[in-house]
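Next comes entry_12.tsv, with TSV, C-alpha atoms.
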chain	number	residue	atom	x	y	z
A	1	MET	CA	-21.28	39.11	-10.97
A	2	ILE	CA	-23.84	41.54	-9.54
A	3	HIS	CA	-25.30	41.87	-13.04
A	4	PHE	CA	-26.19	38.17	-12.94
A	5	GLY	CA	-28.27	38.65	-9.80
A	6	MET	CA	-25.57	37.61	-7.31
A	7	GLY	CA	-26.63	40.31	-4.84
A	8	ALA	CA	-30.24	39.12	-4.86
A	9	ALA	CA	-29.06	35.51	-4.53
A	10	VAL	CA	-26.99	36.33	-1.42
A	11	ILE	CA	-29.97	38.03	0.23
A	12	ILE	CA	-32.21	35.04	-0.57
A	13	LEU	CA	-29.67	32.67	0.97
A	14	GLN	CA	-29.58	34.82	4.10
A	15	VAL	CA	-33.39	34.74	4.34
A	16	SER	CA	-33.35	30.96	3.94
A	17	LEU	CA	-31.58	30.70	7.31
A	18	ASN	CA	-34.52	32.31	9.16
A	19	PRO	CA	-36.49	30.02	11.49
A	20	GLY	CA	-39.55	28.44	9.91
A	21	LYS	CA	-42.99	27.53	11.18
A	22	TYR	CA	-42.81	23.78	10.59
A	23	ASP	CA	-39.06	23.23	10.41
A	24	LYS	CA	-35.77	24.68	11.61
A	25	HIS	CA	-35.59	27.02	8.59
A	26	VAL	CA	-38.13	28.64	6.27
A	27	GLN	CA	-39.35	26.71	3.24
A	28	PHE	CA	-38.58	27.34	-0.41
A	29	GLY	CA	-42.11	28.69	-0.89
A	30	THR	CA	-41.13	31.60	1.36
A	31	ILE	CA	-37.81	32.55	-0.18
A	32	ARG	CA	-39.02	32.32	-3.79
A	33	LYS	CA	-41.27	35.33	-3.15
A	34	PHE	CA	-38.16	37.51	-2.92
A	35	ARG	CA	-37.46	36.87	-6.60
A	36	SER	CA	-40.75	38.55	-7.49
A	37	ALA	CA	-40.02	41.35	-5.02
A	38	PHE	CA	-36.64	42.08	-6.64
A	39	SER	CA	-38.08	42.06	-10.16
A	40	ASN	CA	-40.97	44.35	-9.15
A	41	VAL	CA	-38.55	46.86	-7.62
A	42	TYR	CA	-36.30	46.69	-10.69
A	43	HIS	CA	-39.13	47.30	-13.18
A	44	ALA	CA	-40.48	50.14	-11.06
A	45	SER	CA	-37.07	51.88	-11.09
A	46	ALA	CA	-35.46	54.03	-13.75
A	47	GLN	CA	-33.56	50.98	-15.04
A	48	GLY	CA	-36.84	49.16	-15.59
A	49	LEU	CA	-37.95	51.86	-18.01
A	50	GLU	CA	-35.34	50.58	-20.45
A	51	ALA	CA	-37.29	47.36	-20.97
A	52	THR	CA	-38.68	46.84	-24.47
A	53	VAL	CA	-42.37	46.00	-24.73
A	54	MET	CA	-43.74	44.20	-27.75
A	55	ALA	CA	-47.52	44.20	-27.84
A	56	LYS	CA	-50.29	43.00	-30.10
A	57	ASP	CA	-53.90	43.51	-29.09
A	58	THR	CA	-54.00	42.62	-25.38
A	59	LYS	CA	-50.91	40.37	-25.40
A	60	LYS	CA	-47.51	41.68	-24.35
A	61	LEU	CA	-43.95	40.39	-24.46
A	62	ILE	CA	-41.30	42.22	-22.44
A	63	VAL	CA	-37.56	42.20	-23.17
A	64	THR	CA	-35.86	43.13	-19.91
A	65	LYS	CA	-32.39	43.32	-18.39
A	66	CYS	CA	-33.63	42.39	-14.89
A	67	PRO	CA	-30.94	40.10	-13.31
A	68	THR	CA	-33.54	37.85	-11.63
A	69	TYR	CA	-34.94	36.97	-15.07
A	70	GLY	CA	-31.56	35.77	-16.34
A	71	PHE	CA	-30.38	32.24	-17.09
A	72	TRP	CA	-27.95	32.13	-14.13
A	73	PHE	CA	-30.58	33.21	-11.61
A	74	GLU	CA	-33.07	30.70	-12.97
A	75	LYS	CA	-30.56	27.89	-12.40
A	76	PHE	CA	-29.82	29.26	-8.92
A	77	MET	CA	-33.51	29.12	-7.94
A	78	LYS	CA	-33.87	25.58	-9.30
A	79	GLY	CA	-30.81	24.53	-7.29
A	80	CYS	CA	-32.29	26.04	-4.13
A	81	HIS	CA	-35.52	24.18	-4.67
A	82	LYS	CA	-33.82	20.82	-5.18
A	83	ARG	CA	-31.57	21.19	-2.13
A	84	MET	CA	-34.16	22.65	0.25
A	85	GLY	CA	-37.13	20.54	-0.75
A	86	GLU	CA	-40.55	21.39	0.65
A	87	ILE	CA	-42.64	20.34	3.63
A	88	PHE	CA	-46.18	20.20	2.34
A	89	ARG	CA	-48.91	20.25	5.00
A	90	PRO	CA	-52.29	20.75	3.36
A	91	ASP	CA	-55.30	21.41	5.57
A	92	ARG	CA	-57.44	18.38	6.25
A	93	ALA	CA	-60.71	18.26	4.36
A	94	LEU	CA	-63.88	18.57	6.41
A	95	SER	CA	-66.02	15.48	5.87
A	96	THR	CA	-69.81	15.37	5.78
A	97	ALA	CA	-69.87	13.31	8.98
A	98	ILE	CA	-67.84	15.92	10.86
A	99	LEU	CA	-70.05	18.75	9.59
A	100	ILE	CA	-73.18	16.94	10.75
A	101	GLU	CA	-71.64	16.55	14.22
A	102	ILE	CA	-70.75	20.26	14.27
A	103	LEU	CA	-74.31	21.23	13.34
A	104	SER	CA	-75.61	18.94	16.08
A	105	LEU	CA	-73.54	20.82	18.67
A	106	VAL	CA	-74.66	24.19	17.31
A	107	ASN	CA	-78.31	23.06	17.29
A	108	LYS	CA	-78.07	22.08	20.96
A	109	GLU	CA	-76.91	25.59	21.81
A	110	TRP	CA	-79.76	27.00	19.71
A	111	ASN	CA	-82.21	25.23	22.01
A	112	ASP	CA	-80.32	25.96	25.25
A	113	TYR	CA	-79.48	29.63	24.72
A	114	PRO	CA	-82.39	31.43	23.01
A	115	GLN	CA	-80.90	34.83	23.93
A	116	HIS	CA	-77.93	34.18	21.61
A	117	ARG	CA	-79.82	32.79	18.65
A	118	LEU	CA	-78.62	35.39	16.14
A	119	SER	CA	-74.95	34.50	16.59
A	120	ILE	CA	-75.72	30.78	16.81
A	121	ALA	CA	-77.76	30.86	13.59
A	122	ALA	CA	-74.98	32.82	11.88
A	123	GLU	CA	-72.43	30.18	12.87
A	124	GLY	CA	-74.58	27.32	11.58
A	125	ALA	CA	-75.38	29.14	8.33
A	126	PHE	CA	-71.69	29.94	7.82
A	127	TYR	CA	-70.81	26.23	7.97
A	128	VAL	CA	-73.53	24.99	5.59
A	129	ILE	CA	-72.92	27.75	3.02
A	130	ASP	CA	-69.16	27.21	3.14
A	131	PHE	CA	-69.59	23.45	2.64
A	132	CYS	CA	-72.53	23.16	0.24
A	133	CYS	CA	-71.53	26.07	-2.01
A	134	ASP	CA	-67.92	24.83	-1.98
A	135	LEU	CA	-66.59	28.24	-0.97
A	136	ARG	CA	-63.26	29.21	0.48
A	137	GLY	CA	-63.39	30.68	3.97
A	138	GLU	CA	-62.75	34.24	2.83
A	139	GLU	CA	-65.56	33.99	0.25
A	140	VAL	CA	-68.37	33.21	2.70
A	141	PRO	CA	-68.50	36.75	4.21
A	142	LEU	CA	-69.28	38.04	0.68
A	143	VAL	CA	-72.80	36.57	0.98
A	144	ASP	CA	-75.33	39.40	0.93
A	145	LEU	CA	-78.47	39.49	3.08
A	146	HIS	CA	-80.61	41.52	0.68
A	147	GLY	CA	-79.76	39.32	-2.31
A	148	THR	CA	-80.38	36.08	-0.41
A	149	LEU	CA	-83.63	37.34	1.09
A	150	LYS	CA	-84.96	38.55	-2.26
A	151	TYR	CA	-85.46	35.05	-3.69
A	152	TRP	CA	-86.00	33.15	-0.43
A	153	GLU	CA	-89.77	32.62	-0.72
A	154	ALA	CA	-89.75	32.05	-4.47
A	155	SER	CA	-86.92	29.53	-4.46
A	156	THR	CA	-88.01	27.47	-1.44
A	157	THR	CA	-91.51	26.97	-2.92
A	158	PHE	CA	-90.21	26.32	-6.42
A	159	ASN	CA	-90.12	22.85	-7.97
A	160	PRO	CA	-87.57	21.56	-7.20
A	161	PRO	CA	-87.26	23.59	-3.98
A	162	HIS	CA	-83.87	25.21	-3.47
A	163	ILE	CA	-82.08	28.13	-1.83
A	164	VAL	CA	-80.34	30.94	-3.68
A	165	VAL	CA	-77.20	32.17	-1.94
A	166	SER	CA	-76.28	35.63	-3.26
A	167	ILE	CA	-72.63	36.62	-3.27
A	168	LEU	CA	-71.93	40.31	-3.76
A	169	GLY	CA	-69.01	40.84	-6.14
A	170	ARG	CA	-66.05	43.04	-5.26
A	171	PHE	CA	-66.01	44.73	-8.65
A	172	LYS	CA	-68.12	47.64	-9.87
A	173	GLY	CA	-69.97	47.63	-13.17
A	174	GLU	CA	-71.59	50.39	-15.15
A	175	ILE	CA	-75.15	49.09	-14.81
A	176	GLY	CA	-77.07	46.39	-12.99
A	177	GLU	CA	-76.46	44.63	-9.70
A	178	ASN	CA	-73.26	42.67	-9.27
A	179	TYR	CA	-74.43	39.43	-7.68
A	180	HIS	CA	-73.37	35.84	-8.16
A	181	LEU	CA	-76.35	33.57	-7.44
A	182	LEU	CA	-75.51	30.09	-6.15
A	183	PRO	CA	-78.46	27.68	-5.90
A	184	ILE	CA	-78.22	24.81	-3.40
A	185	VAL	CA	-80.72	22.17	-2.28
A	186	THR	CA	-82.79	22.70	0.85
A	187	VAL	CA	-81.61	19.40	2.38
A	188	THR	CA	-78.69	17.29	1.15
A	189	SER	CA	-78.72	13.51	0.82
A	190	SER	CA	-76.82	13.13	4.11
A	191	GLY	CA	-79.24	15.36	6.02
A	192	ILE	CA	-77.48	18.74	6.02
A	193	ASP	CA	-80.43	21.12	6.40
A	194	ASN	CA	-79.51	24.26	4.50
A	195	LYS	CA	-83.03	25.66	4.68
A	196	LEU	CA	-83.12	25.29	8.46
A	197	TRP	CA	-79.91	27.18	9.20
A	198	ILE	CA	-80.13	29.85	6.54
A	199	GLY	CA	-83.82	30.33	7.35
A	200	ARG	CA	-83.05	30.72	11.04
A	201	LEU	CA	-80.49	33.42	10.30
A	202	LEU	CA	-82.84	35.30	7.97
A	203	GLU	CA	-85.60	35.12	10.57
A	204	GLU	CA	-83.37	36.46	13.34
A	205	CYS	CA	-82.23	39.32	11.10
A	206	SER	CA	-85.84	40.08	10.25
A	207	LYS	CA	-86.74	40.33	13.94
A	208	LEU	CA	-84.11	43.05	14.32
A	209	ASN	CA	-85.26	44.77	11.09
A	210	ILE	CA	-81.91	44.03	9.42
A	211	THR	CA	-82.45	43.73	5.68
A	212	ASN	CA	-79.65	45.38	3.71
A	213	CYS	CA	-76.15	44.42	4.83
A	214	PRO	CA	-73.75	41.45	4.69
A	215	LEU	CA	-75.43	38.23	5.82
A	216	PHE	CA	-72.55	37.64	8.21
A	217	ARG	CA	-72.08	40.91	10.04
A	218	SER	CA	-70.26	42.09	13.14
A	219	LYS	CA	-71.92	43.97	16.00
A	220	THR	CA	-71.14	47.22	14.21
A	221	GLY	CA	-72.83	46.00	11.01
A	222	SER	CA	-69.65	45.55	8.98
A	223	LYS	CA	-68.69	42.39	7.11
A	224	ILE	CA	-66.93	39.80	9.26
A	225	ARG	CA	-63.75	37.96	8.31
A	226	ALA	CA	-63.36	34.20	8.15
A	227	ILE	CA	-60.73	34.43	10.89
A	228	ASP	CA	-63.44	35.74	13.25
A	229	VAL	CA	-65.26	32.39	13.05
A	230	LYS	CA	-62.15	30.23	13.45
A	231	PRO	CA	-62.08	30.17	17.31
A	232	GLN	CA	-65.63	28.77	17.42
A	233	PHE	CA	-64.83	26.38	14.59
A	234	PHE	CA	-61.79	25.02	16.43
A	235	ASP	CA	-63.82	24.66	19.65
A	236	ARG	CA	-66.39	22.54	17.78
A	237	LEU	CA	-63.69	20.34	16.28
A	238	GLU	CA	-62.01	19.84	19.66
A	239	SER	CA	-65.34	18.79	21.16
A	240	ILE	CA	-65.85	16.28	18.36
A	241	GLN	CA	-62.28	15.07	18.80
A	242	SER	CA	-63.00	14.17	22.42
A	243	LEU	CA	-66.48	12.74	21.75
A	244	ARG	CA	-65.87	11.04	18.38
A	245	PRO	CA	-62.23	9.92	18.04
A	246	ASP	CA	-63.38	7.81	15.08
A	247	LEU	CA	-63.98	11.04	13.14
A	248	ILE	CA	-61.03	13.13	14.35
A	249	SER	CA	-57.95	11.34	15.66
A	250	PRO	CA	-56.77	12.36	19.16
A	251	THR	CA	-53.32	12.94	17.67
A	252	ASP	CA	-54.55	15.58	15.18
A	253	ASN	CA	-53.51	19.16	15.89
A	254	ILE	CA	-56.78	21.01	15.25
A	255	SER	CA	-55.42	24.55	14.93
A	256	GLU	CA	-52.66	23.55	12.49
A	257	GLU	CA	-54.38	20.86	10.42
A	258	TYR	CA	-57.92	22.20	9.96
A	259	SER	CA	-59.23	25.41	8.41
A	260	PHE	CA	-61.97	26.67	6.11
A	261	ARG	CA	-61.09	25.34	2.72
A	262	ARG	CA	-62.86	23.89	-0.26
A	263	CYS	CA	-63.46	20.39	1.05
A	264	SER	CA	-66.80	19.31	-0.40
A	265	THR	CA	-65.20	18.71	-3.81
A	266	SER	CA	-63.59	15.56	-2.40
A	267	GLU	CA	-66.97	14.39	-1.06
A	268	THR	CA	-68.75	14.92	-4.38
A	269	THR	CA	-65.95	13.22	-6.31
A	270	ASN	CA	-66.10	10.19	-4.00
A	271	LYS	CA	-69.86	9.99	-4.59
A	272	GLY	CA	-69.42	9.83	-8.36
A	273	LEU	CA	-70.36	13.36	-9.35
A	274	THR	CA	-69.12	14.15	-12.84
A	275	PRO	CA	-66.51	16.89	-13.43
A	276	ASP	CA	-68.97	18.98	-15.46
A	277	ALA	CA	-71.34	19.21	-12.48
A	278	ILE	CA	-68.47	20.27	-10.21
A	279	GLU	CA	-67.33	22.83	-12.77
A	280	ALA	CA	-70.86	24.23	-13.09
A	281	ASN	CA	-70.95	24.83	-9.34
A	282	ASN	CA	-67.64	26.71	-9.42
A	283	ARG	CA	-68.08	28.67	-12.65
A	284	TRP	CA	-69.11	31.84	-10.77
A	285	ARG	CA	-65.42	32.40	-9.98
A	286	LYS	CA	-64.68	32.80	-13.69
A	287	PHE	CA	-67.25	35.58	-13.92
A	288	HIS	CA	-65.92	37.14	-10.73
A	289	LYS	CA	-62.33	37.20	-12.00
A	290	ALA	CA	-63.47	38.75	-15.27
A	291	GLY	CA	-64.33	41.88	-13.30
A	292	ALA	CA	-65.66	44.83	-15.26
A	293	SER	CA	-64.91	43.07	-18.57
A	294	ARG	CA	-67.91	40.78	-18.19
A	295	THR	CA	-71.47	41.75	-19.02
A	296	THR	CA	-73.29	43.10	-15.96
A	297	LEU	CA	-76.75	41.62	-15.49
A	298	SER	CA	-79.53	42.36	-13.04
A	299	MET	CA	-80.42	39.84	-10.35
A	300	ARG	CA	-83.59	38.91	-12.24
A	301	GLU	CA	-81.59	38.20	-15.39
A	302	HIS	CA	-79.08	36.13	-13.40
A	303	TYR	CA	-81.88	34.11	-11.79
A	304	SER	CA	-83.63	33.56	-15.13
A	305	ASP	CA	-80.36	32.25	-16.59
A	306	ILE	CA	-79.87	29.89	-13.65
A	307	GLY	CA	-83.46	28.67	-13.83
A	308	LEU	CA	-82.84	27.15	-17.27
A	309	THR	CA	-80.14	24.83	-15.88
A	310	LEU	CA	-81.27	24.62	-12.25
A	311	ASN	CA	-81.07	20.83	-12.01
A	312	GLN	CA	-77.46	20.94	-13.19
A	313	TYR	CA	-76.56	23.40	-10.44
A	314	LEU	CA	-78.37	21.44	-7.70
A	315	ARG	CA	-76.60	18.18	-8.51
A	316	TYR	CA	-73.54	19.33	-6.61
A	317	SER	CA	-75.12	20.11	-3.24
A	318	SER	CA	-77.70	17.32	-3.45
A	319	VAL	CA	-75.13	14.50	-3.14
A	320	LEU	CA	-73.42	15.95	-0.05

Please express what this file holds, its structure, as structure tokens.
Amino acid sequence: MIHFGMGAAVIILQVSLNPGKYDKHVQFGTIRKFRSAFSNVYHASAQGLEATVMAKDTKKLIVTKCPTYGFWFEKFMKGCHKRMGEIFRPDRALSTAILIEILSLVNKEWNDYPQHRLSIAAEGAFYVIDFCCDLRGEEVPLVDLHGTLKYWEASTTFNPPHIVVSILGRFKGEIGENYHLLPIVTVTSSGIDNKLWIGRLLEECSKLNITNCPLFRSKTGSKIRAIDVKPQFFDRLESIQSLRPDLISPTDNISEEYSFRRCSTSETTNKGLTPDAIEANNRWRKFHKAGASRTTLSMREHYSDIGLTLNQYLRYSSVL
């Protein structure tokens, strides 16, 4: 029976008895990863070299003898899923009202502690960029200071005025500069002042003669991680929880139920924004995933392309 994947199945059942984070035992989402691990090890071994590959152009079909790809193992995994079930605890979306309260707290510290204005401005800019650009937490540190600064004056005096947030891609191309340019409005309909917070951060960086580095940098000049901002973020939410229980329930567990996630999509959908406008705001990810296979353009060419459909791009952040 080992040829049917019985050995792998026994190990998965043993792992399923481990203590979980939200329940007595781990969830199915944890144990299913072992199926991929077993298949990866198998195909990397000498036995995996016996697999037959049928290819045409860029498409491939593999005929393999891997036990975890077999009919019996597939039924075993389906049975595990049905019997174990899943506890699904998605992070709570951050509403516009909560963000405005957070920015109010940060703005108070901006006025009270002028000696810490660089870090305070960075925190405020992190929140507005994360929310209005609809980024995931780990994507915000990709924002580049040089790219954002390059079009600051031109974009804020343009008609309509806007801000260009420049995200530096992880991939390398043969020519050009690998930036994704995300235009957002200077002030949203609910009063989120993107120009104020991003402008404050650019001004503080300029005072220290910092011009070519990640916009969100550590004391050593390296790119920060989203997890570095989480303690401050949780502190803000806990303050709002005590001051505004109508926004955050006293029973909510802040550290477990809130995180940086794409939450403004819900707000724009509730305000009647069409799917094509939401898709236009998020289309940069398609170019990013294309990697070196996409055409590499200069920043000027990117900005010229965006300028033709600027109003379409700004519809997303304007309704927030």

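Candidate residues A:Ala46, A:Leu201, A:Leu215, A:Ile31 were compared for distance to A:Trp110, and the nearest is A:Leu201, using all atoms listed in the file.
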
Using only C-alpha atoms, determine which residues lie at most 10 Å from stretch 99-101 of chain A, disregarding the query and same-chain residues fewer than 4 positions distant; provide the list as a short mmCIF file (atom, residue, chain, number, x, y, z; two decimals) with C-alpha atoms, keeping the file's coordinate frame.
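Result file is selection-v4.cif:
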data_model
loop_
_atom_site.label_atom_id
_atom_site.label_comp_id
_atom_site.auth_asym_id
_atom_site.auth_seq_id
_atom_site.Cartn_x
_atom_site.Cartn_y
_atom_site.Cartn_z
CA LEU A 94 -63.88 18.57 6.41
CA SER A 95 -66.02 15.48 5.87
CA LEU A 105 -73.54 20.82 18.67
CA VAL A 106 -74.66 24.19 17.31
CA ASN A 107 -78.31 23.06 17.29
CA GLY A 124 -74.58 27.32 11.58
CA TYR A 127 -70.81 26.23 7.97
CA VAL A 128 -73.53 24.99 5.59
CA PHE A 131 -69.59 23.45 2.64
CA SER A 190 -76.82 13.13 4.11
CA GLY A 191 -79.24 15.36 6.02
CA ILE A 192 -77.48 18.74 6.02
CA ASP A 193 -80.43 21.12 6.40
CA ARG A 236 -66.39 22.54 17.78
CA LEU A 237 -63.69 20.34 16.28
CA SER A 239 -65.34 18.79 21.16
CA ILE A 240 -65.85 16.28 18.36
CA LEU A 243 -66.48 12.74 21.75
CA ARG A 244 -65.87 11.04 18.38
CA LEU A 247 -63.98 11.04 13.14
#

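Residues surrounding A:Leu273 within 8 Å are Thr268, Ile278, Arg315, Tyr316 and Val319 of chain A [all atoms listed in the file; sequence separation below 5 positions excluded].
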
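One finds atom CA of A:Arg136 at 19.5 Å from atom CA of A:Ser222.
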
Please, which residues in stretch 153-260 of chain A fall within 9 Å of stretch 112-121 of chain A when counting all atoms listed in the file, and what is the closest atom pair and distance in Å to one decimal for each, ordered by chain then residue number, as JSON lines?
{"residue": "A:Trp197", "atom": "CA", "partner": "A:Ala121", "partner_atom": "CA", "distance": 6.1}
{"residue": "A:Ile198", "atom": "CA", "partner": "A:Ala121", "partner_atom": "CA", "distance": 7.5}
{"residue": "A:Gly199", "atom": "CA", "partner": "A:Ala121", "partner_atom": "CA", "distance": 8.7}
{"residue": "A:Arg200", "atom": "CA", "partner": "A:Ala121", "partner_atom": "CA", "distance": 5.9}
{"residue": "A:Leu201", "atom": "CA", "partner": "A:Ala121", "partner_atom": "CA", "distance": 5.0}
{"residue": "A:Leu202", "atom": "CA", "partner": "A:Ala121", "partner_atom": "CA", "distance": 8.8}
{"residue": "A:Glu203", "atom": "CA", "partner": "A:Leu118", "partner_atom": "CA", "distance": 8.9}
{"residue": "A:Glu204", "atom": "CA", "partner": "A:Leu118", "partner_atom": "CA", "distance": 5.6}
{"residue": "A:Cys205", "atom": "CA", "partner": "A:Leu118", "partner_atom": "CA", "distance": 7.3}

Okay, now the selection with C-alpha atoms, as a PDB file, in the frame of the given file?
ATOM      1  CA  TRP A 197     -79.910  27.180   9.200  1.00  0.00           C
ATOM      2  CA  ILE A 198     -80.130  29.850   6.540  1.00  0.00           C
ATOM      3  CA  GLY A 199     -83.820  30.330   7.350  1.00  0.00           C
ATOM      4  CA  ARG A 200     -83.050  30.720  11.040  1.00  0.00           C
ATOM      5  CA  LEU A 201     -80.490  33.420  10.300  1.00  0.00           C
ATOM      6  CA  LEU A 202     -82.840  35.300   7.970  1.00  0.00           C
ATOM      7  CA  GLU A 203     -85.600  35.120  10.570  1.00  0.00           C
ATOM      8  CA  GLU A 204     -83.370  36.460  13.340  1.00  0.00           C
ATOM      9  CA  CYS A 205     -82.230  39.320  11.100  1.00  0.00           C
TER      10      CYS A 205
END

Q. In Å, how far is it from atom CA of A:Tyr313 to atom CA of A:Lys230?
A. 28.7 Å

Q: Could you give me, as a PyMOL selection string, the residues within 6 Å of A:Glu257, counting all atoms listed in the file and dropping anything in the same chain fewer than 2 positions from it?
A: chain A and resi 91-92+253-255

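Our summary of the geometry notes that atom CA of A:Val187 is positioned 9.5 Å from atom CA of A:Pro161.
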
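Using all atoms listed in the file, the nearest neighbour of A:Thr68 within the list A:Thr148, A:Ser36, A:Thr188, A:Thr96 is A:Ser36.
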
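Among the candidates A:Pro214, A:Pro231, A:Pro245, A:Gly5, the one nearest to A:Phe71 when counting all atoms listed in the file is A:Gly5.
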
Q | All residues 12 Å or closer to A:Phe76, all atoms listed in the file, same chain fewer than 2 positions away omitted, as a PyMOL selection string | A | chain A and resi 4-6+8-10+12-13+32+35+67-74+78-83

Q: Give me the residues within 7 Å of A:Leu181 as a VMD selection string, counting all atoms listed in the file and dropping any in the same chain fewer than 6 places off.
A: chain A and resid 164 to 167

Q) Which of these, A:Glu256, A:Glu139, A:Asp235, A:Glu153, has the shortest distance to A:Phe216 once you count all atoms listed in the file? A) A:Glu139
